[in-house]
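Chemist: Sharing query36.txt here; it has compact mmCIF, C-alpha atoms.
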```
# COMPACT_ATOMS: atom_id res chain seq x y z
CA MET A 58 0.00 0.00 0.00
CA HIS A 59 2.78 2.42 0.96
CA ALA A 60 4.66 1.62 -2.26
CA ALA A 61 1.56 2.36 -4.34
CA VAL A 62 1.07 5.72 -2.60
CA ALA A 63 4.73 6.60 -3.06
CA LEU A 64 4.55 5.71 -6.76
CA THR A 65 1.41 7.83 -7.20
CA GLU A 66 3.06 10.83 -5.52
CA PHE A 67 6.19 10.35 -7.66
CA LEU A 68 4.17 10.29 -10.89
CA PHE A 69 2.19 13.34 -9.75
CA LEU A 70 5.41 15.29 -9.25
CA LEU A 71 6.44 14.39 -12.80
CA LEU A 72 3.35 16.03 -14.33
CA PRO A 73 4.92 19.51 -14.77
CA LEU A 74 7.93 18.14 -16.70
CA PRO A 75 6.27 18.16 -20.16
CA LEU A 76 5.21 21.77 -19.57
CA ILE A 77 8.81 22.69 -18.69
CA LEU A 78 10.06 21.06 -21.88
CA ILE A 79 7.47 22.88 -23.98
CA ALA A 80 8.46 26.21 -22.39
CA ASN A 81 12.07 25.62 -23.41
CA TRP A 82 10.96 24.81 -26.95
CA ALA A 83 9.08 28.11 -26.96
CA ASP A 84 12.21 30.05 -25.96
CA ARG A 85 14.40 28.14 -28.41
CA PRO A 86 12.38 26.26 -31.05
CA PRO A 87 14.09 23.27 -32.70
CA ALA A 88 15.88 24.24 -35.89
CA VAL A 89 13.64 24.00 -38.96
CA GLU A 90 15.61 24.04 -42.22
CA GLY A 91 13.52 23.11 -45.23
CA ALA A 92 10.13 21.48 -44.79
CA ALA A 93 11.09 18.34 -46.67
CA GLY A 94 13.93 17.34 -44.37
CA VAL A 95 12.52 18.40 -41.02
CA PRO A 96 12.01 15.51 -38.57
CA TRP A 97 8.44 15.17 -37.35
CA PHE A 98 9.63 15.58 -33.76
CA ALA A 99 11.20 18.97 -34.46
CA ARG A 100 8.04 20.19 -36.18
CA GLY A 101 5.88 18.94 -33.32
CA ALA A 102 8.16 20.46 -30.67
CA ALA A 103 8.12 23.83 -32.41
CA GLY A 104 4.33 23.70 -32.64
CA LEU A 105 3.94 22.78 -28.99
CA GLY A 106 6.32 25.55 -27.98
CA SER A 107 4.08 28.14 -29.58
CA ALA A 108 1.14 26.81 -27.55
CA ILE A 109 2.81 27.30 -24.15
CA TRP A 110 0.75 30.38 -23.30
CA ILE A 111 -2.50 28.51 -23.90
CA LEU A 112 -1.27 25.65 -21.72
CA LEU A 113 -0.30 27.99 -18.87
CA ALA A 114 -3.66 29.76 -19.06
CA THR A 115 -5.41 26.38 -19.07
CA MET A 116 -3.52 25.34 -15.93
CA ALA A 117 -4.55 28.55 -14.13
CA ALA A 118 -8.15 28.10 -15.27
CA GLY A 119 -8.09 24.50 -14.05
CA VAL A 120 -7.03 25.63 -10.57
CA ILE A 121 -9.85 28.20 -10.51
CA LEU A 122 -12.43 25.65 -11.66
CA LEU A 123 -11.24 23.18 -9.00
CA ALA A 124 -11.58 25.90 -6.37
CA LEU A 125 -15.11 26.81 -7.49
CA PHE A 126 -16.15 23.16 -7.63
CA THR A 127 -14.80 22.52 -4.14
CA LEU A 128 -16.43 25.70 -2.84
CA ALA A 129 -19.77 24.68 -4.32
CA LEU A 130 -19.56 21.38 -2.44
CA ALA A 131 -18.68 23.18 0.80
CA LEU A 132 -21.47 25.78 0.73
CA PRO A 133 -24.36 23.48 1.75
CA ALA A 134 -22.41 22.11 4.70
CA SER A 135 -21.19 25.59 5.73
CA ARG A 136 -24.80 26.72 6.32
CA GLY A 137 -24.94 24.23 9.14
CA GLY A 138 -21.69 25.44 10.63
CA GLY A 139 -19.40 22.84 9.08
CA ALA A 140 -16.96 22.48 6.23
CA SER A 141 -15.11 25.70 7.12
CA GLY A 142 -11.83 23.98 6.26
CA VAL A 143 -13.06 23.14 2.77
CA ALA A 144 -14.20 26.72 2.25
CA THR A 145 -10.79 28.01 3.32
CA TYR A 146 -9.11 25.56 0.96
CA SER A 147 -11.32 26.71 -1.90
CA VAL A 148 -10.75 30.43 -1.31
CA VAL A 149 -6.96 30.07 -1.13
CA LEU A 150 -7.00 27.90 -4.24
CA LEU A 151 -9.17 30.48 -6.02
CA VAL A 152 -6.67 33.24 -5.23
CA THR A 153 -3.86 30.94 -6.37
CA GLY A 154 -5.51 30.37 -9.74
CA ALA A 155 -6.19 34.07 -10.19
CA VAL A 156 -2.56 35.00 -9.48
CA ALA A 157 -1.29 32.23 -11.77
CA GLY A 158 -3.61 33.45 -14.53
CA ALA A 159 -2.44 37.03 -14.11
CA LEU A 160 1.18 35.92 -14.52
CA VAL A 161 0.39 34.60 -18.00
CA ALA A 162 -0.10 38.21 -19.12
CA GLU A 163 3.16 39.81 -20.27
CA PRO A 164 2.39 43.28 -18.77
CA VAL A 165 2.09 41.68 -15.33
CA ARG A 166 5.45 39.95 -15.75
CA ALA A 167 6.96 43.22 -17.03
CA GLY A 168 5.90 44.92 -13.81
CA LEU A 169 7.26 42.02 -11.77
CA ALA A 170 10.59 42.29 -13.62
CA ARG A 171 11.19 45.56 -11.80
CA VAL A 172 11.73 43.63 -8.55
CA LEU A 173 12.68 40.15 -9.79
CA PRO A 174 15.47 39.20 -12.23
CA ILE A 175 13.17 37.75 -14.90
CA GLU A 176 12.75 38.25 -18.63
CA PRO A 177 9.07 39.19 -19.22
CA ARG A 178 8.97 37.61 -22.68
CA SER A 179 10.59 34.33 -21.64
CA ALA A 180 8.24 31.35 -21.67
CA VAL A 181 10.59 29.51 -19.29
CA HIS A 182 10.44 32.32 -16.73
CA ALA A 183 6.66 32.56 -17.08
CA THR A 184 6.31 28.80 -16.59
CA ALA A 185 8.54 28.93 -13.51
CA LEU A 186 6.41 31.70 -12.01
CA VAL A 187 3.11 29.95 -12.70
CA LEU A 188 4.29 26.56 -11.41
CA SER A 189 5.78 28.16 -8.29
CA VAL A 190 2.55 30.01 -7.50
CA VAL A 191 0.46 26.86 -8.01
CA LEU A 192 2.81 24.77 -5.85
CA VAL A 193 3.00 27.28 -2.99
CA GLY A 194 -0.71 28.11 -3.18
CA SER A 195 -1.83 24.49 -3.10
CA GLN A 196 0.46 23.74 -0.14
CA LEU A 197 -0.79 26.84 1.70
CA ALA A 198 -4.41 25.87 1.01
CA SER A 199 -3.84 22.44 2.54
CA GLN A 200 -2.06 23.80 5.61
CA LEU A 201 -4.71 26.43 6.34
CA SER A 202 -7.68 24.13 5.83
CA ILE A 203 -6.70 21.17 7.99
CA ASP A 204 -4.63 20.45 11.09
CA LEU A 205 -1.76 19.10 9.02
CA LEU A 206 0.50 18.40 11.98
CA LYS A 207 -2.16 16.31 13.72
CA GLN A 208 -2.92 14.45 10.50
CA GLN A 209 0.73 13.67 9.78
CA ALA A 210 1.32 12.58 13.38
CA SER A 211 -1.52 10.05 13.19
CA THR A 212 -1.70 8.89 9.57
CA GLY A 213 1.52 10.06 7.88
CA ALA A 214 3.52 7.30 6.20
CA PRO A 215 7.00 6.90 7.71
CA LEU A 216 9.71 7.88 5.24
CA GLY A 217 12.73 5.79 4.37
CA PRO A 218 15.79 6.82 2.36
CA ALA A 219 14.16 5.65 -0.89
CA ASP A 220 11.08 7.80 -0.17
CA VAL A 221 13.22 10.89 0.38
CA ILE A 222 15.09 10.32 -2.87
CA SER A 223 11.95 9.62 -4.91
CA GLY A 224 10.35 12.77 -3.52
CA GLU A 225 13.28 14.96 -4.58
CA VAL A 226 14.27 13.39 -7.91
CA PRO A 227 11.37 15.06 -9.83
CA PHE A 228 12.57 18.46 -8.61
CA LEU A 229 16.11 17.65 -9.74
CA ILE A 230 14.81 16.63 -13.18
CA ALA A 231 12.68 19.78 -13.32
CA ALA A 232 15.74 21.89 -12.49
CA ALA A 233 17.83 20.28 -15.24
CA LEU A 234 15.07 20.56 -17.83
CA GLY A 235 14.16 24.04 -16.65
CA VAL A 236 17.60 25.45 -17.49
CA GLY A 237 17.39 23.81 -20.91
CA LEU A 238 19.19 20.48 -20.73
CA PHE A 239 19.70 19.20 -24.32
CA ILE A 240 17.71 22.20 -25.64
CA ARG A 241 19.50 25.40 -24.62
CA ARG A 242 22.45 23.87 -22.71
CA ASP A 243 24.63 20.77 -22.92
CA PRO A 244 25.12 18.61 -19.78
CA ARG A 245 28.28 20.46 -18.71
CA ALA A 246 26.67 23.90 -19.02
CA THR A 247 23.58 22.58 -17.21
CA LEU A 248 25.65 21.45 -14.22
CA GLU A 249 27.42 24.81 -14.11
CA ARG A 250 24.11 26.69 -14.30
CA LEU A 251 22.69 24.64 -11.42
CA GLY A 252 25.84 25.06 -9.33
CA PHE A 253 26.86 21.38 -9.42
CA VAL A 254 30.56 22.19 -9.45
CA ARG A 255 33.49 21.01 -7.35
CA PRO A 256 33.48 23.09 -4.14
CA THR A 257 36.56 24.98 -3.07
CA GLY A 258 38.15 24.59 0.34
CA TRP A 259 36.65 27.76 1.76
CA GLN A 260 33.20 26.72 0.53
CA LEU A 261 33.48 23.44 2.45
CA VAL A 262 34.47 25.33 5.60
CA ILE A 263 31.52 27.69 5.20
CA ALA A 264 29.16 24.76 4.55
CA LEU A 265 30.24 22.89 7.68
CA SER A 266 30.06 26.08 9.75
CA ALA A 267 26.59 26.86 8.42
CA ALA A 268 25.45 23.31 9.17
CA GLY A 269 26.61 23.65 12.76
CA ALA A 270 24.98 27.06 13.12
CA PHE A 271 21.65 25.83 11.73
CA TYR A 272 21.78 22.76 13.98
CA ALA A 273 22.27 24.96 17.04
CA PHE A 274 19.60 27.38 15.83
CA GLY A 275 17.14 24.51 15.27
CA ASN A 276 17.68 23.14 18.76
CA GLY A 277 17.23 26.60 20.23
CA VAL A 278 13.98 27.22 18.34
CA ASP A 279 12.71 23.79 19.37
CA ALA A 280 13.41 24.50 23.04
CA LEU A 281 11.78 27.94 22.75
CA ALA A 282 8.73 26.44 21.03
CA HIS A 283 8.28 23.88 23.82
CA HIS A 284 8.37 26.76 26.31
CA LEU A 285 6.07 29.21 24.49
CA THR A 286 3.71 26.91 22.55
CA PRO A 287 4.04 23.44 24.07
CA ALA A 288 0.92 22.02 22.40
CA THR A 289 2.09 22.96 18.90
CA ALA A 290 5.64 21.85 19.66
CA ASP A 291 4.37 18.45 20.77
CA LYS A 292 2.45 18.11 17.48
CA VAL A 293 5.56 19.00 15.51
CA GLN A 294 7.63 16.49 17.46
CA ALA A 295 5.04 13.74 17.00
CA ALA A 296 4.76 14.43 13.27
CA ASN A 297 8.54 14.51 12.82
CA GLN A 298 8.95 11.30 14.78
CA ARG A 299 6.37 9.50 12.66
CA LEU A 300 7.60 10.83 9.32
CA PHE A 301 11.37 10.89 9.89
CA GLY A 302 11.82 8.36 12.69
CA GLN A 303 13.37 5.84 10.28
CA LEU A 304 15.96 8.34 9.07
CA GLY A 305 17.90 8.68 12.31
CA ASP A 306 20.68 6.26 11.35
CA PRO A 307 23.78 7.33 9.36
CA VAL A 308 22.23 6.24 6.05
CA GLY A 309 19.11 8.27 6.67
CA ILE A 310 21.04 11.35 7.78
CA ALA A 311 23.29 11.12 4.72
CA THR A 312 20.23 10.78 2.46
CA ILE A 313 18.62 13.91 3.90
CA ALA A 314 21.90 15.81 3.53
CA LEU A 315 22.23 14.68 -0.09
```
Take the structure in this file and express it as structure tokens.
Modeler:
Amino acid sequence: MHAAVALTEFLFLLLPLPLILIANWADRPPAVEGAAGVPWFARGAAGLGSAIWILLATMAAGVILLALFTLALALPASRGGGASGVATYSVVLLVTGAVAGALVAEPVRAGLARVLPIEPRSAVHATALVLSVVLVGSQLASQLSIDLLKQQASTGAPLGPADVISGEVPFLIAAALGVGLFIRRDPRATLERLGFVRPTGWQLVIALSAAGAFYAFGNGVDALAHHLTPATADKVQAANQRLFGQLGDPVGIATIAL
């Protein structure tokens, strides 16, 4: 059962990858030199790339429709004083879809470029913004609508090293494809763009020092939380113990660090 759930979550995280590929094709369409000799894949990729704006708008509209559908289901129950969590989820999701839809418009991205280092006309940058908003918004909707700590502490599936890796691999693939692996960059340039380079001696010293500082900071915050908000701190501890209890050995610690 746990393996099936893990596989489902893994496949779900892979869903944005085709959209990321299409965005890269939009920024750099495959070379088309003479209709007779053009491979069908290059023609199809170029066509899909031009449709990226429709796909992004469709994603934003889908989030809005999901929010309205969920809200419609919650309204009858809310009249009796229930389903407030579902209503909260729907409202946050509705705002998420509206923001994602606004980011599809180039003037909105042009205004955002004044404070963020983005290229307003880049399909890749637009896709990154829309996907980020949808990801953060959906997570925020879940956290505000239910007692997530209590749920994870009672029903959360304990994570092993393989679960941690499978949960992060889609993000690694998305990062590589997002910077244009095999489309705008070769493997070497992709690694350099993502910062996967051999660290220098001073960088290792800084990394180890930062790790120690964060470890001390984490312990201090945990102690402060148990003093100021003991009930919440106990929920956090119970959830962490259930989710990460199997990762306390050297293999688990090394997996989390990786």
Chemist: One decimal, Å: what's the distance from CA of Arg178 (chain A) over to CA of Gly106 (chain A), could you say?
Modeler: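 If I compute the distance from CA of Arg178 (chain A) to CA of Gly106 (chain A), I get 13.4 Å.
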Chemist: In Å, with one decimal, what is the gap from CA of Phe253 (chain A) to CA of Val181 (chain A)?
Modeler: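 CA of Val181 (chain A) lies 20.7 Å from CA of Phe253 (chain A).
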Chemist: Give me, please, the distance in Å between CA of Val193 (chain A) and CA of Phe228 (chain A), quoted to one decimal.
Modeler: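 Interatomic distance here is 14.2 Å.
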Chemist: Between A:Leu261, A:Val293, A:Leu128, A:Leu169, which one has atoms that come closest to Ala210 (chain A), using only C-alpha atoms?
Modeler: A:Val293
Chemist: Looking at A:Val254, A:Ile77, A:Leu197, A:Val221, which one is nearest to Val308 (chain A), with distances taken over only C-alpha atoms?
Modeler: A:Val221
Chemist: Using only C-alpha atoms, which residue out of A:Gly158, A:Gly258, A:Gly277, A:Pro87 lies closest to Phe239 (chain A)?
Modeler: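 Closest to Phe239 (chain A), using only C-alpha atoms: A:Pro87.
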Chemist: Find, counting all atoms listed in the file, the residue in A:His283, A:Arg171, A:Lys207, A:His182 that gets nearest to Arg299 (chain A).
Modeler: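 Ranked by minimum distance to Arg299 (chain A), first place goes to A:Lys207.
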Chemist: Around the point (15.5, 22.9, -16.2) in the file's coordinates, collect all residues with an atom within 9 Å, using all atoms listed in the file, and return them as an mmCIF file with C-alpha atoms, in the coordinates of the input.
Modeler:
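The result, written out as part17.cif:
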```cif
data_model
loop_
_atom_site.group_PDB
_atom_site.id
_atom_site.type_symbol
_atom_site.label_atom_id
_atom_site.label_comp_id
_atom_site.auth_asym_id
_atom_site.auth_seq_id
_atom_site.Cartn_x
_atom_site.Cartn_y
_atom_site.Cartn_z
ATOM 1 C CA LEU A 74 7.930 18.140 -16.700
ATOM 2 C CA ILE A 77 8.810 22.690 -18.690
ATOM 3 C CA LEU A 78 10.060 21.060 -21.880
ATOM 4 C CA ASN A 81 12.070 25.620 -23.410
ATOM 5 C CA VAL A 181 10.590 29.510 -19.290
ATOM 6 C CA LEU A 229 16.110 17.650 -9.740
ATOM 7 C CA ILE A 230 14.810 16.630 -13.180
ATOM 8 C CA ALA A 231 12.680 19.780 -13.320
ATOM 9 C CA ALA A 232 15.740 21.890 -12.490
ATOM 10 C CA ALA A 233 17.830 20.280 -15.240
ATOM 11 C CA LEU A 234 15.070 20.560 -17.830
ATOM 12 C CA GLY A 235 14.160 24.040 -16.650
ATOM 13 C CA VAL A 236 17.600 25.450 -17.490
ATOM 14 C CA GLY A 237 17.390 23.810 -20.910
ATOM 15 C CA LEU A 238 19.190 20.480 -20.730
ATOM 16 C CA THR A 247 23.580 22.580 -17.210
ATOM 17 C CA LEU A 251 22.690 24.640 -11.420
#
```
Chemist: Taking only C-alpha atoms into account, name the residue in A:Val226, A:Val262, A:Ile109, A:Leu206 that is nearest to Lys292 (chain A).
Modeler: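 For Lys292 (chain A), the nearest of the given residues is A:Leu206.
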Chemist: Taking N, CA and C atoms as the atom set, what does region 240-251 of chain A look like once completed, written as a compact mmCIF listing (two decimals), keeping the file's coordinate frame?
Modeler:
```
# COMPACT_ATOMS: atom_id res chain seq x y z
N ILE A 240 18.45 21.27 -24.78
CA ILE A 240 17.71 22.20 -25.64
C ILE A 240 18.48 23.52 -25.75
N ARG A 241 18.76 24.14 -24.61
CA ARG A 241 19.50 25.40 -24.62
C ARG A 241 20.89 25.24 -24.02
N ARG A 242 21.15 24.11 -23.33
CA ARG A 242 22.45 23.87 -22.71
C ARG A 242 22.83 22.40 -22.84
N ASP A 243 24.14 22.14 -22.95
CA ASP A 243 24.63 20.77 -22.92
C ASP A 243 24.77 20.35 -21.46
N PRO A 244 25.04 19.06 -21.18
CA PRO A 244 25.12 18.61 -19.78
C PRO A 244 26.12 19.39 -18.93
N ARG A 245 27.28 19.72 -19.48
CA ARG A 245 28.28 20.46 -18.71
C ARG A 245 27.77 21.85 -18.33
N ALA A 246 27.20 22.56 -19.30
CA ALA A 246 26.67 23.90 -19.02
C ALA A 246 25.49 23.83 -18.06
N THR A 247 24.71 22.75 -18.13
CA THR A 247 23.58 22.58 -17.21
C THR A 247 24.06 22.44 -15.78
N LEU A 248 25.10 21.62 -15.57
CA LEU A 248 25.65 21.45 -14.22
C LEU A 248 26.21 22.76 -13.68
N GLU A 249 26.87 23.53 -14.54
CA GLU A 249 27.42 24.81 -14.11
C GLU A 249 26.30 25.78 -13.75
N ARG A 250 25.24 25.79 -14.56
CA ARG A 250 24.11 26.69 -14.30
C ARG A 250 23.43 26.35 -12.98
N LEU A 251 23.35 25.08 -12.65
CA LEU A 251 22.69 24.64 -11.42
C LEU A 251 23.63 24.68 -10.21
```
